[in-house]
file run01.txt (compact mmCIF, C-alpha atoms)
# COMPACT_ATOMS: atom_id res chain seq x y z
CA MET A 528 -27.54 -0.40 -9.00
CA ILE A 529 -27.66 0.16 -12.77
CA GLU A 530 -27.80 -3.01 -14.85
CA THR A 531 -25.11 -3.14 -17.54
CA LYS A 532 -25.09 -5.06 -20.81
CA ASN A 533 -21.53 -6.34 -20.46
CA SER A 534 -21.48 -9.36 -18.14
CA THR A 535 -17.67 -9.22 -17.91
CA ARG A 536 -17.63 -5.62 -16.73
CA ARG A 537 -15.72 -5.07 -13.50
CA VAL A 538 -16.81 -1.52 -12.63
CA THR A 539 -20.02 -1.41 -10.59
CA VAL A 540 -22.38 1.43 -11.54
CA ILE A 541 -24.37 2.91 -8.65
CA SER A 542 -27.12 5.52 -9.01
CA SER A 543 -28.58 5.49 -5.49
CA ILE A 544 -27.14 7.61 -2.66
CA SER A 545 -28.22 5.08 -0.04
CA GLU A 546 -26.56 2.22 -1.92
CA MET A 547 -23.37 4.22 -2.41
CA LYS A 548 -23.27 4.92 1.33
CA GLU A 549 -23.72 1.22 2.12
CA ILE A 550 -20.84 0.28 -0.17
CA SER A 551 -18.56 2.93 1.34
CA GLN A 552 -19.42 1.76 4.85
CA SER A 553 -18.63 -1.82 3.81
CA PHE A 554 -15.21 -0.73 2.51
CA GLN A 555 -14.50 1.14 5.74
CA LYS A 556 -15.44 -1.86 7.88
CA GLN A 557 -12.81 -3.81 5.95
CA ASN A 558 -10.27 -1.02 6.65
CA LEU A 559 -10.05 -0.27 2.94
CA THR A 560 -9.10 3.28 1.91
CA ILE A 561 -11.42 4.97 -0.60
CA GLY A 562 -10.23 7.34 -3.29
CA LEU A 563 -12.79 9.64 -4.92
CA VAL A 564 -12.45 11.34 -8.30
CA PRO A 565 -15.43 13.70 -8.89
CA THR A 566 -16.11 14.41 -12.59
CA MET A 567 -18.85 15.60 -14.89
CA GLY A 568 -18.02 12.83 -17.36
CA CYS A 569 -16.84 12.99 -20.97
CA LEU A 570 -13.61 11.58 -19.60
CA HIS A 571 -10.23 12.44 -21.13
CA GLU A 572 -6.59 11.82 -20.21
CA GLY A 573 -6.71 14.61 -17.64
CA HIS A 574 -9.44 12.77 -15.75
CA LEU A 575 -7.63 9.46 -16.21
CA SER A 576 -4.47 10.91 -14.64
CA LEU A 577 -6.50 11.63 -11.49
CA ILE A 578 -8.06 8.18 -11.52
CA LYS A 579 -4.69 6.45 -11.96
CA LYS A 580 -3.33 8.35 -8.94
CA SER A 581 -6.25 7.05 -6.90
CA LEU A 582 -5.80 3.49 -8.16
CA GLU A 583 -2.10 3.65 -7.20
CA SER A 584 -2.64 4.98 -3.68
CA CYS A 585 -6.05 3.75 -2.47
CA ASP A 586 -7.58 0.32 -1.95
CA LYS A 587 -10.84 1.23 -3.68
CA THR A 588 -11.52 3.95 -6.24
CA VAL A 589 -14.88 5.64 -6.75
CA VAL A 590 -15.39 7.90 -9.77
CA SER A 591 -18.48 10.09 -9.80
CA ILE A 592 -20.09 11.33 -13.00
CA PHE A 593 -22.65 14.03 -12.38
CA VAL A 594 -23.26 17.10 -14.52
CA ASN A 595 -24.03 19.39 -11.62
CA PRO A 596 -26.81 21.86 -12.53
CA THR A 597 -26.19 24.19 -9.58
CA GLN A 598 -22.82 25.34 -10.92
CA PHE A 599 -24.20 26.47 -14.28
CA GLY A 600 -25.63 29.93 -14.84
CA PRO A 601 -28.90 30.48 -16.74
CA LYS A 602 -27.16 31.22 -20.06
CA GLU A 603 -24.43 28.58 -19.74
CA ASP A 604 -24.04 25.20 -21.40
CA LEU A 605 -25.79 22.82 -18.98
CA GLU A 606 -28.00 21.24 -21.62
CA SER A 607 -25.28 20.99 -24.27
CA TYR A 608 -22.46 19.93 -21.94
CA PRO A 609 -20.83 16.90 -23.64
CA ARG A 610 -22.03 13.54 -22.36
CA GLN A 611 -20.71 10.12 -23.45
CA PHE A 612 -21.70 7.81 -20.64
CA GLU A 613 -21.16 4.43 -22.32
CA ASN A 614 -17.73 5.47 -23.55
CA ASP A 615 -16.88 6.69 -20.03
CA ILE A 616 -17.88 3.32 -18.55
CA GLU A 617 -15.60 1.53 -21.01
CA LYS A 618 -12.64 3.72 -20.01
CA LEU A 619 -13.28 3.19 -16.31
CA ASP A 620 -13.66 -0.54 -16.77
CA GLU A 621 -10.46 -0.75 -18.79
CA ILE A 622 -8.29 0.84 -16.09
CA GLY A 623 -9.90 -1.08 -13.22
CA VAL A 624 -12.10 1.42 -11.38
CA ASP A 625 -14.19 -0.24 -8.65
CA ILE A 626 -17.29 1.97 -8.47
CA LEU A 627 -18.90 4.52 -10.77
CA PHE A 628 -21.34 6.71 -8.85
CA HIS A 629 -23.79 8.19 -11.35
CA PRO A 630 -26.75 9.78 -9.55
CA SER A 631 -29.59 11.64 -11.23
CA LYS A 632 -30.32 15.32 -10.66
CA GLU A 633 -33.43 14.27 -8.70
CA GLU A 634 -31.33 12.01 -6.46
CA MET A 635 -28.85 14.77 -5.63
CA TYR A 636 -31.32 17.68 -5.49
CA PRO A 637 -34.78 16.31 -4.67
CA THR A 638 -37.87 18.51 -4.70
CA GLY A 639 -37.65 21.00 -1.85
CA TYR A 640 -33.85 21.06 -1.70
CA LYS A 641 -32.77 24.25 0.09
CA THR A 642 -29.16 23.97 1.30
CA PHE A 643 -26.09 25.44 -0.37
CA VAL A 644 -22.48 26.00 0.70
CA GLU A 645 -20.56 29.20 0.04
CA VAL A 646 -16.82 29.85 0.33
CA LYS A 647 -16.14 33.58 0.65
CA ASN A 648 -13.45 35.93 -0.69
CA ILE A 649 -11.44 33.61 -2.96
CA THR A 650 -14.55 33.02 -5.09
CA GLU A 651 -14.94 36.68 -6.03
CA GLN A 652 -12.10 36.89 -8.56
CA LEU A 653 -11.22 35.09 -11.81
CA CYS A 654 -13.97 32.63 -12.80
CA GLY A 655 -16.16 33.66 -9.86
CA LYS A 656 -16.48 37.18 -11.27
CA SER A 657 -17.95 36.10 -14.60
CA ARG A 658 -19.64 32.90 -13.36
CA PRO A 659 -21.29 33.89 -10.07
CA ASP A 660 -23.12 30.57 -9.64
CA LEU A 661 -20.06 28.40 -10.20
CA PHE A 662 -18.34 28.00 -6.86
CA GLN A 663 -21.43 27.81 -4.66
CA GLY A 664 -22.55 24.94 -6.88
CA VAL A 665 -19.12 23.31 -6.81
CA ALA A 666 -18.74 23.59 -3.03
CA THR A 667 -22.23 22.21 -2.46
CA VAL A 668 -21.92 19.19 -4.74
CA VAL A 669 -18.40 18.32 -3.57
CA LEU A 670 -19.47 18.44 0.07
CA LYS A 671 -22.42 16.18 -0.77
CA LEU A 672 -20.13 13.74 -2.59
CA PHE A 673 -17.71 13.69 0.36
CA ASN A 674 -20.58 12.93 2.74
CA ILE A 675 -21.95 10.19 0.49
CA VAL A 676 -18.70 8.44 -0.49
CA GLN A 677 -16.65 9.18 2.67
CA PRO A 678 -13.31 9.11 0.83
CA TYR A 679 -9.89 8.95 2.46
CA ASN A 680 -8.38 10.86 -0.48
CA ALA A 681 -10.04 12.98 -3.17
CA PHE A 682 -8.22 13.86 -6.39
CA PHE A 683 -8.50 17.14 -8.31
CA GLY A 684 -6.60 18.62 -11.23
CA GLU A 685 -4.67 21.88 -11.18
CA LYS A 686 -6.19 23.05 -14.48
CA ASP A 687 -9.13 24.25 -12.38
CA TRP A 688 -6.77 26.03 -9.97
CA GLN A 689 -9.35 28.30 -8.37
CA GLN A 690 -11.85 25.47 -7.98
CA LEU A 691 -9.18 23.39 -6.27
CA ALA A 692 -8.42 26.25 -3.86
CA VAL A 693 -12.13 26.53 -3.05
CA ILE A 694 -12.33 22.80 -2.27
CA GLU A 695 -9.18 22.90 -0.13
CA THR A 696 -10.63 25.84 1.82
CA LEU A 697 -13.94 24.02 2.26
CA VAL A 698 -12.17 20.95 3.67
CA LYS A 699 -10.04 23.03 6.04
CA ASP A 700 -12.81 25.32 7.27
CA ILE A 701 -15.38 22.57 7.88
CA ASN A 702 -12.78 20.15 9.33
CA LEU A 703 -13.51 17.37 6.87
CA ASP A 704 -11.59 14.10 7.19
CA VAL A 705 -10.46 13.87 3.59
CA ALA A 706 -7.07 14.59 2.04
CA ILE A 707 -7.16 16.65 -1.16
CA ILE A 708 -4.58 15.38 -3.64
CA ARG A 709 -3.47 17.84 -6.32
CA VAL A 710 -2.64 16.44 -9.76
CA PRO A 711 -0.82 18.57 -12.38
CA LEU A 712 -2.59 19.94 -15.43
CA VAL A 713 -2.48 17.59 -18.44
CA ARG A 714 -2.00 18.91 -21.97
CA GLU A 715 -2.48 17.57 -25.47
CA ASN A 716 0.69 17.01 -27.49
CA ASP A 717 0.30 20.47 -29.05
CA GLY A 718 -0.04 22.16 -25.65
CA LEU A 719 -3.82 22.61 -25.42
CA ALA A 720 -5.02 22.05 -21.85
CA MET A 721 -7.29 19.01 -21.78
CA SER A 722 -10.95 19.83 -21.21
CA SER A 723 -14.28 18.17 -21.94
CA ARG A 724 -15.33 21.45 -23.59
CA ASN A 725 -12.61 21.01 -26.22
CA ARG A 726 -15.14 18.76 -27.94
CA TYR A 727 -17.15 21.84 -28.88
CA LEU A 728 -14.28 23.15 -31.02
CA SER A 729 -14.12 22.90 -34.79
CA VAL A 730 -10.75 22.10 -36.39
CA GLN A 731 -10.08 25.81 -36.93
CA GLU A 732 -11.26 26.77 -33.43
CA ARG A 733 -8.98 24.16 -31.93
CA GLN A 734 -6.02 25.79 -33.65
CA THR A 735 -7.20 29.15 -32.35
CA ALA A 736 -7.40 27.71 -28.81
CA LEU A 737 -3.66 27.03 -28.88
CA SER A 738 -3.18 30.78 -28.38
CA LEU A 739 -3.84 30.25 -24.65
CA SER A 740 -0.97 27.85 -23.97
CA ARG A 741 1.35 29.66 -26.37
CA SER A 742 0.72 33.02 -24.69
CA LEU A 743 1.46 31.47 -21.29
CA GLN A 744 4.69 29.99 -22.61
CA LYS A 745 5.77 33.34 -24.07
CA ALA A 746 4.92 35.04 -20.77
CA GLN A 747 7.13 32.58 -18.90
CA ASP A 748 9.95 33.22 -21.39
CA HIS A 749 9.75 36.98 -20.84
CA ILE A 750 9.67 36.56 -17.07
CA ARG A 751 12.80 34.39 -17.21
CA GLN A 752 14.42 37.22 -19.15
CA GLY A 753 13.76 39.52 -16.19
CA ILE A 754 10.48 41.25 -17.10
CA THR A 755 8.46 41.28 -13.88
CA SER A 756 5.94 44.08 -14.53
CA VAL A 757 2.44 42.63 -14.40
CA LYS A 758 1.20 45.33 -16.76
CA ILE A 759 3.79 44.47 -19.40
CA ILE A 760 3.28 40.70 -19.13
CA SER A 761 -0.51 41.07 -19.17
CA ASN A 762 -0.34 43.24 -22.29
CA LEU A 763 1.92 40.71 -24.00
CA ILE A 764 -0.52 37.90 -23.24
CA GLN A 765 -3.44 39.99 -24.45
CA GLN A 766 -1.68 40.80 -27.72
CA ASN A 767 -0.74 37.15 -28.32
CA ILE A 768 -4.33 36.00 -27.81
CA LEU A 769 -6.12 38.79 -29.65
CA GLU A 770 -3.87 38.56 -32.71
CA THR A 771 -5.61 35.21 -33.30
CA GLU A 772 -9.06 35.73 -34.82
CA GLY A 773 -12.04 34.23 -33.05
CA THR A 774 -11.00 34.84 -29.44
CA LYS A 775 -12.70 36.90 -26.75
CA ILE A 776 -10.87 37.36 -23.45
CA ASP A 777 -12.85 36.92 -20.25
CA TYR A 778 -9.88 37.60 -17.98
CA ILE A 779 -6.12 37.61 -17.72
CA SER A 780 -5.09 37.38 -14.07
CA ILE A 781 -1.58 37.57 -12.65
CA CYS A 782 -2.13 37.01 -8.97
CA ASP A 783 -1.27 35.31 -5.71
CA PRO A 784 -2.08 31.59 -6.13
CA LEU A 785 -3.76 31.36 -2.70
CA SER A 786 -5.64 34.64 -2.24
CA PHE A 787 -6.05 35.47 -5.97
CA LYS A 788 -5.23 39.09 -5.25
CA GLU A 789 -3.79 40.78 -8.33
CA LYS A 790 -0.09 41.67 -8.28
CA GLU A 791 1.73 44.68 -9.69
CA GLN A 792 5.11 42.96 -9.84
CA ILE A 793 5.84 39.28 -10.30
CA ARG A 794 7.57 38.52 -7.01
CA GLY A 795 7.35 35.22 -5.18
CA ARG A 796 5.09 32.41 -6.32
CA THR A 797 2.61 33.72 -8.88
CA LEU A 798 -0.38 32.32 -10.79
CA ILE A 799 -1.06 33.39 -14.34
CA ALA A 800 -4.61 32.37 -15.20
CA LEU A 801 -6.65 32.88 -18.37
CA ALA A 802 -10.24 32.45 -19.45
CA VAL A 803 -10.91 32.95 -23.15
CA LYS A 804 -13.97 32.34 -25.32
CA VAL A 805 -13.12 30.43 -28.49
CA GLY A 806 -16.15 29.72 -30.65
CA PRO A 807 -18.80 28.17 -28.36
CA SER A 808 -16.25 27.22 -25.67
CA ARG A 809 -15.05 29.16 -22.66
CA LEU A 810 -11.59 27.73 -22.06
CA ILE A 811 -9.32 28.18 -19.05
CA ASP A 812 -5.59 27.65 -18.67
CA ASN A 813 -2.90 28.59 -16.19
CA CYS A 814 0.72 28.31 -15.19
CA ILE A 815 2.63 28.85 -11.98
CA ILE A 816 5.68 31.06 -11.78
CA GLU A 817 7.85 29.85 -8.96
CA GLU A 818 9.88 32.36 -6.94
CA ILE A 819 12.33 34.31 -9.08
call {"tool": "encode", "arguments": {"input": "run01.txt", "output": "structure tokens"}}
result
Amino acid sequence: MIETKNSTRRVTVISSISEMKEISQSFQKQNLTIGLVPTMGCLHEGHLSLIKKSLESCDKTVVSIFVNPTQFGPKEDLESYPRQFENDIEKLDEIGVDILFHPSKEEMYPTGYKTFVEVKNITEQLCGKSRPDLFQGVATVVLKLFNIVQPYNAFFGEKDWQQLAVIETLVKDINLDVAIIRVPLVRENDGLAMSSRNRYLSVQERQTALSLSRSLQKAQDHIRQGITSVKIISNLIQQNILETEGTKIDYISICDPLSFKEKEQIRGRTLIALAVKVGPSRLIDNCIIEEI
């Protein structure tokens, strides 16, 4: 257990896997349901919406903060990923979280670690195409967290739509006894999807980043007007983003929200997903088009 300076603090901070397991087993013996919210820290209102759902529906809530090295590629932002641990603790304490699980890299991946989990097919499109290490790292760390914490429910946001689909597939395929609870994407007042990486953005870059949500909104408007050609909608999104200086598009995908196969016409439930580089940040955003 990590010692904390604030003697009135309610949240218990745990760094040891064995101690976390003991606490979870104690909760289970008392027939208490455990909710888990996995995060990489630098908590914002999007994270807090997940945590509040857990607090409302579970007897005990565990939040994990672990910047998972196995999901970062060699040229990605592992070292610079924003960290604000003390501020995170204050937020968790304020809303009444029971346990913060904060293991070290050495605790999660000790010397000689050799085992990784891979979900096939749905990891080959969208973010998986440009970030080949991402979903193997995500699936591995989430499975480890599930085994350590033994949650009844685990809460994930729909901003990371593909990641959520990977986790749902992992749970189904491996027959895990945990319910995955989806929580809608949370936006800033101006429409920007909340993300820890937003902290990288300068004032000007933040304005530039609004092109993602605005292009999605314009796409939805055109679809409501009867334009269902994927090529036309994709071109409109591309024009809206590229007319703003300082953007570089990774992908624009208009696809099936389960298989991530690209569509030619927008028919039935459809995911529009974007990944765009703005300054130092690679930002993602999405929307769902319900059946039209």
call {"tool": "residues_around", "arguments": {"input": "run01.txt", "residues": "Arg714 in chain A", "least_positions_apart": "5", "cutoff": "12 Å", "atoms": "all atoms listed in the file", "output": "list in words"}}
result
His571, Glu572, Gly573, His574, Ser576, Gly684, Glu685, Lys686, Leu719, Ala720, Met721, Ser722, Asn725, Leu737, Leu739, Ser740, Asp812, Asn813 and Cys814 of chain A
call {"tool": "write_last_selection", "arguments": {"input": "run01.txt", "atoms": "C-alpha atoms", "output": "CSV table (one decimal), keeping the file's coordinate frame"}}
result
chain,number,residue,atom,x,y,z
A,571,HIS,CA,-10.2,12.4,-21.1
A,572,GLU,CA,-6.6,11.8,-20.2
A,573,GLY,CA,-6.7,14.6,-17.6
A,574,HIS,CA,-9.4,12.8,-15.8
A,576,SER,CA,-4.5,10.9,-14.6
A,684,GLY,CA,-6.6,18.6,-11.2
A,685,GLU,CA,-4.7,21.9,-11.2
A,686,LYS,CA,-6.2,23.0,-14.5
A,719,LEU,CA,-3.8,22.6,-25.4
A,720,ALA,CA,-5.0,22.0,-21.8
A,721,MET,CA,-7.3,19.0,-21.8
A,722,SER,CA,-11.0,19.8,-21.2
A,725,ASN,CA,-12.6,21.0,-26.2
A,737,LEU,CA,-3.7,27.0,-28.9
A,739,LEU,CA,-3.8,30.2,-24.6
A,740,SER,CA,-1.0,27.8,-24.0
A,812,ASP,CA,-5.6,27.6,-18.7
A,813,ASN,CA,-2.9,28.6,-16.2
A,814,CYS,CA,0.7,28.3,-15.2
call {"tool": "closest_atom_pairs", "arguments": {"input": "run01.txt", "of": "range 658-773 of chain A", "to": "range 638-652 of chain A", "cutoff": "9 Å", "atoms": "only C-alpha atoms", "output": "Markdown table"}}
result
| residue | atom | partner | partner_atom | distance |
| --- | --- | --- | --- | --- |
| A:Pro659 | CA | A:Glu651 | CA | 8.0 |
| A:Leu661 | CA | A:Thr650 | CA | 8.8 |
| A:Phe662 | CA | A:Thr650 | CA | 6.5 |
| A:Gln663 | CA | A:Glu645 | CA | 5.0 |
| A:Gly664 | CA | A:Phe643 | CA | 7.4 |
| A:Val665 | CA | A:Val644 | CA | 8.7 |
| A:Ala666 | CA | A:Val644 | CA | 5.8 |
| A:Thr667 | CA | A:Val644 | CA | 4.9 |
| A:Val668 | CA | A:Phe643 | CA | 8.7 |
| A:Leu670 | CA | A:Val644 | CA | 8.2 |
| A:Gln689 | CA | A:Thr650 | CA | 7.8 |
| A:Gln690 | CA | A:Thr650 | CA | 8.5 |
| A:Ala692 | CA | A:Ile649 | CA | 8.0 |
| A:Val693 | CA | A:Val646 | CA | 6.7 |
| A:Ile694 | CA | A:Val646 | CA | 8.8 |
| A:Thr696 | CA | A:Val646 | CA | 7.5 |
| A:Leu697 | CA | A:Val646 | CA | 6.8 |
call {"tool": "write_last_selection", "arguments": {"input": "run01.txt", "atoms": "C-alpha atoms", "output": "PDB file, in the coordinates of the input"}}
result
ATOM      1  CA  PRO A 659     -21.290  33.890 -10.070  1.00  0.00           C
ATOM      2  CA  LEU A 661     -20.060  28.400 -10.200  1.00  0.00           C
ATOM      3  CA  PHE A 662     -18.340  28.000  -6.860  1.00  0.00           C
ATOM      4  CA  GLN A 663     -21.430  27.810  -4.660  1.00  0.00           C
ATOM      5  CA  GLY A 664     -22.550  24.940  -6.880  1.00  0.00           C
ATOM      6  CA  VAL A 665     -19.120  23.310  -6.810  1.00  0.00           C
ATOM      7  CA  ALA A 666     -18.740  23.590  -3.030  1.00  0.00           C
ATOM      8  CA  THR A 667     -22.230  22.210  -2.460  1.00  0.00           C
ATOM      9  CA  VAL A 668     -21.920  19.190  -4.740  1.00  0.00           C
ATOM     10  CA  LEU A 670     -19.470  18.440   0.070  1.00  0.00           C
ATOM     11  CA  GLN A 689      -9.350  28.300  -8.370  1.00  0.00           C
ATOM     12  CA  GLN A 690     -11.850  25.470  -7.980  1.00  0.00           C
ATOM     13  CA  ALA A 692      -8.420  26.250  -3.860  1.00  0.00           C
ATOM     14  CA  VAL A 693     -12.130  26.530  -3.050  1.00  0.00           C
ATOM     15  CA  ILE A 694     -12.330  22.800  -2.270  1.00  0.00           C
ATOM     16  CA  THR A 696     -10.630  25.840   1.820  1.00  0.00           C
ATOM     17  CA  LEU A 697     -13.940  24.020   2.260  1.00  0.00           C
TER      18      LEU A 697
END
call {"tool": "residues_near_point", "arguments": {"input": "run01.txt", "point": "(-6.8, 7.2, -14.4)", "cutoff": "10 Å", "atoms": "all atoms listed in the file", "output": "ChimeraX atom specification"}}
result
/A:564,570-583,588,590,618-619,621-624
call {"tool": "atom_distance", "arguments": {"input": "run01.txt", "atom1": "CA of Ser657 in chain A", "atom2": "CA of Phe673 in chain A"}}
result
26.9 Å
call {"tool": "atom_distance", "arguments": {"input": "run01.txt", "atom1": "CA of Pro630 in chain A", "atom2": "CA of Gly568 in chain A"}}
result
12.1 Å
call {"tool": "residues_around", "arguments": {"input": "run01.txt", "residues": "Thr797 in chain A", "least_positions_apart": "4", "cutoff": "9 Å", "atoms": "all atoms listed in the file", "output": "short mmCIF file (atom, residue, chain, number, x, y, z; two decimals) with C-alpha atoms, keeping the file's coordinate frame"}}
result
data_model
loop_
_atom_site.label_atom_id
_atom_site.label_comp_id
_atom_site.auth_asym_id
_atom_site.auth_seq_id
_atom_site.Cartn_x
_atom_site.Cartn_y
_atom_site.Cartn_z
CA ILE A 781 -1.58 37.57 -12.65
CA CYS A 782 -2.13 37.01 -8.97
CA ASP A 783 -1.27 35.31 -5.71
CA PRO A 784 -2.08 31.59 -6.13
CA LYS A 790 -0.09 41.67 -8.28
CA ILE A 793 5.84 39.28 -10.30
CA CYS A 814 0.72 28.31 -15.19
CA ILE A 815 2.63 28.85 -11.98
CA ILE A 816 5.68 31.06 -11.78
CA GLU A 817 7.85 29.85 -8.96
CA GLU A 818 9.88 32.36 -6.94
#
call {"tool": "closest_residue", "arguments": {"input": "run01.txt", "among": "A:Thr560, A:Val669, A:Ser553, A:Val540", "to": "Phe612 in chain A", "atoms": "all atoms listed in the file"}}
result
A:Val540
call {"tool": "closest_residue", "arguments": {"input": "run01.txt", "among": "A:Ile550, A:Ile811, A:Ala736, A:Val757", "to": "Leu712 in chain A", "atoms": "only C-alpha atoms"}}
result
A:Ile811
call {"tool": "residues_around", "arguments": {"input": "run01.txt", "residues": "Ser742 in chain A", "least_positions_apart": "5", "cutoff": "10 Å", "atoms": "all atoms listed in the file", "output": "MDAnalysis selection string"}}
result
chainID A and resid 737 747:748 760:761 763:768 801
call {"tool": "closest_residue", "arguments": {"input": "run01.txt", "among": "A:Ile616, A:Leu559, A:Val698, A:Ile541", "to": "Glu634 in chain A", "atoms": "all atoms listed in the file"}}
result
A:Ile541
call {"tool": "closest_residue", "arguments": {"input": "run01.txt", "among": "A:Tyr636, A:Leu653, A:Leu605, A:Ile799", "to": "Ala746 in chain A", "atoms": "all atoms listed in the file"}}
result
A:Ile799
call {"tool": "atom_distance", "arguments": {"input": "run01.txt", "atom1": "CA of Ser543 in chain A", "atom2": "CA of Val589 in chain A"}}
result
13.8 Å
call {"tool": "closest_residue", "arguments": {"input": "run01.txt", "among": "A:Leu769, A:Cys569, A:Ala706, A:Met635", "to": "Thr597 in chain A", "atoms": "all atoms listed in the file"}}
result
A:Met635
call {"tool": "residues_around", "arguments": {"input": "run01.txt", "residues": "Ile561 in chain A", "least_positions_apart": "3", "cutoff": "8 Å", "atoms": "all atoms listed in the file", "output": "list of chain:residue names"}}
result
A:Ser551, A:Phe554, A:Cys585, A:Asp586, A:Lys587, A:Thr588, A:Val589, A:Gln677, A:Pro678, A:Tyr679, A:Asn680
call {"tool": "write_last_selection", "arguments": {"input": "run01.txt", "atoms": "C-alpha atoms", "output": "CSV table (one decimal), keeping the file's coordinate frame"}}
result
chain,number,residue,atom,x,y,z
A,551,SER,CA,-18.6,2.9,1.3
A,554,PHE,CA,-15.2,-0.7,2.5
A,585,CYS,CA,-6.0,3.8,-2.5
A,586,ASP,CA,-7.6,0.3,-2.0
A,587,LYS,CA,-10.8,1.2,-3.7
A,588,THR,CA,-11.5,4.0,-6.2
A,589,VAL,CA,-14.9,5.6,-6.8
A,677,GLN,CA,-16.6,9.2,2.7
A,678,PRO,CA,-13.3,9.1,0.8
A,679,TYR,CA,-9.9,9.0,2.5
A,680,ASN,CA,-8.4,10.9,-0.5
call {"tool": "closest_residue", "arguments": {"input": "run01.txt", "among": "A:Ile759, A:Leu785, A:Leu728, A:Ile754", "to": "Gly773 in chain A", "atoms": "all atoms listed in the file"}}
result
A:Leu728
call {"tool": "axis_aligned_box", "arguments": {"input": "run01.txt", "around": "range 587-602 of chain A", "padding_each_side": "5 Å", "output": "lines of an AutoDock Vina configuration file"}}
result
center_x = -19.9
center_y = 16.2
center_z = -11.9
size_x = 28.1
size_y = 40.0
size_z = 26.4
call {"tool": "residues_around", "arguments": {"input": "run01.txt", "residues": "Ser729 in chain A", "least_positions_apart": "2", "cutoff": "12 Å", "atoms": "only C-alpha atoms", "output": "list in words"}}
result
Arg724, Asn725, Arg726, Tyr727, Gln731, Glu732, Arg733, Gln734, Thr735, Ala736, Gly773, Val805, Gly806, Pro807 and Ser808 of chain A
